[in-house]
Structures are given as structure tokens and as C-alpha cells.
Amino acid sequence: MSRALLIAALFAACDEKDVDTGQDSGGLCADVPLVNYDNFGEGFINHLCQGCHASTTPNRYGAPEDTTFDTVEEVWAWQERILARAAADAPTMPPAGGTSEDDRTRLRWWLECAEPGT
């Protein structure tokens with residue numbers, strides 16, 4: 001009986017991610033509003049990240065040289081790290097704080113639910 005429950009749970013977990021795109025097809029993303037670079041990400045990145053993570057910033061305040069968010073593609077390349085550092089319940093980025101719970105939620109919606117690169 002427990003083996004059947006385990007198999008059923010595995011199949012249910014597989015249903016949450018679209019096999020072709022890897023995007024969450026249910027759960028978190030099922031009922032969230034459309035959030036993308038144009039309507040949220042660009043402003044968030046420019047306001048809260050570019051001070052240290054723009055390739056042209058004169059003082060990166062210790063941000064690694066190879067971690068730049070000049071384009072939407074660069075942001076998506078760092079998707080997992082951004083989610084871990086800036087969208088967590090206790091974010092460590094930006095180091096001075098400044099993100100609201102609503103912004104962290106929208107950041108998760110964008111980077112977990114939108115098509116990569118948008």
C-alpha cells in the first residue's frame with residue numbers, strides 16, 4: 001500500500017512541471033498575474049540591483065565582476081541565485097535591504113512562472 005502511495009505522489013509531483021518547458025504548470029504559477037521584465041523585472045533590477053550589478057557601475061561594492069544584470073538574458077542566467085538571495089523570506093540581497101514582501105513575491109512570480117528571457 002505505501003509503495004502505491006509513493007508512486008502516486010511521484011506522478012502528482014511530475015504534473016506540476018510542464019515536461020517540455022520545465023515551467024511550473026500548477027501550484028505557485030496557476031493563478032498568479034502576468035509578471036515579466038517589461039512590467040516588473042526591469043524596474044526591480046534597475047532600482048535594487050544595478051547599483052552593484054551593472055557592468056558600467058564605477059563601484060561594485062564587492063559584487064563579482066562576472067555577475068552583471070545589464071540585460072534580461074543576464075538576469076535569467078542568474079535566475080536560481082537571484083531567487084535564493086533576493087526572493088527569500090530573509091533576503092541577503094540587496095545587502096542594505098529595501099525589498100518589500102510584495103516585491104519579493106513578484107520577483108518569485110517572474111523568475112519562476114514567466115517564460116525564460118521575458
# chains A, B, ... in the order shown; residues from 1 in each chain; ligands from 1
>>> residues_around(residues="Ala86 in chain A", least_positions_apart="3", cutoff="12 Å", atoms="only C-alpha atoms", output="ChimeraX atom specification")
/A:44-45,48-49,78-83,89-101,103-108,111
>>> write_last_selection(atoms="C-alpha atoms", output="mmCIF file, in the first residue's frame")
data_model
loop_
_atom_site.group_PDB
_atom_site.id
_atom_site.type_symbol
_atom_site.label_atom_id
_atom_site.label_comp_id
_atom_site.auth_asym_id
_atom_site.auth_seq_id
_atom_site.Cartn_x
_atom_site.Cartn_y
_atom_site.Cartn_z
ATOM 1 C CA PHE A 44 13.196 45.996 -9.888
ATOM 2 C CA ILE A 45 16.626 45.215 -11.353
ATOM 3 C CA LEU A 48 17.627 47.445 -6.498
ATOM 4 C CA CYS A 49 20.429 45.622 -8.337
ATOM 5 C CA TRP A 78 21.397 34.040 -12.686
ATOM 6 C CA GLN A 79 17.758 33.089 -12.015
ATOM 7 C CA GLU A 80 18.355 30.483 -9.303
ATOM 8 C CA ARG A 81 20.888 32.610 -7.442
ATOM 9 C CA ILE A 82 18.688 35.711 -7.612
ATOM 10 C CA LEU A 83 15.752 33.734 -6.233
ATOM 11 C CA ASP A 89 11.888 35.246 3.233
ATOM 12 C CA ALA A 90 15.057 36.734 4.738
ATOM 13 C CA PRO A 91 16.835 38.112 1.663
ATOM 14 C CA THR A 92 20.558 38.839 1.673
ATOM 15 C CA MET A 93 20.363 40.975 -1.474
ATOM 16 C CA PRO A 94 20.392 43.841 -1.742
ATOM 17 C CA PRO A 95 22.692 43.945 1.295
ATOM 18 C CA ALA A 96 21.174 47.192 2.591
ATOM 19 C CA GLY A 97 17.657 45.748 2.303
ATOM 20 C CA GLY A 98 14.889 47.657 0.640
ATOM 21 C CA THR A 99 12.751 44.904 -0.849
ATOM 22 C CA SER A 100 9.197 44.598 0.320
ATOM 23 C CA GLU A 101 7.445 41.277 0.763
ATOM 24 C CA ASP A 103 8.324 42.811 -4.415
ATOM 25 C CA ARG A 104 9.883 39.514 -3.344
ATOM 26 C CA THR A 105 6.630 37.752 -4.238
ATOM 27 C CA ARG A 106 6.534 39.421 -7.665
ATOM 28 C CA LEU A 107 10.196 38.516 -8.179
ATOM 29 C CA ARG A 108 9.348 34.855 -7.499
ATOM 30 C CA LEU A 111 11.526 34.154 -12.266
#
>>> residues_around(residues="Ala54 in chain A", least_positions_apart="2", cutoff="12 Å", atoms="only C-alpha atoms", output="VMD selection string")
chain A and resid 45 to 52 56 to 61 63 to 71 74 to 75
>>> select_by_dssp(residues="range 11-118 of chain A", states="helix (DSSP H, G or I)", output="count of residues only")
52
>>> atom_distance(atom1="CA of Tyr37 in chain A", atom2="CA of Trp109 in chain A")
11.2 Å
>>> closest_residue(among="A:Ala87, A:Thr118, A:Cys113, A:Ser55", to="Asp38 in chain A", atoms="only C-alpha atoms")
A:Thr118
>>> atom_distance(atom1="CA of Val72 in chain A", atom2="CA of Gly117 in chain A")
5.9 Å
>>> atom_distance(atom1="CA of Asn36 in chain A", atom2="CA of His53 in chain A")
19.4 Å
>>> residues_around(residues="Val35 in chain A", least_positions_apart="2", cutoff="7 Å", atoms="only C-alpha atoms", output="PyMOL selection string")
chain A and resi 33+39-40+106+109-110+114
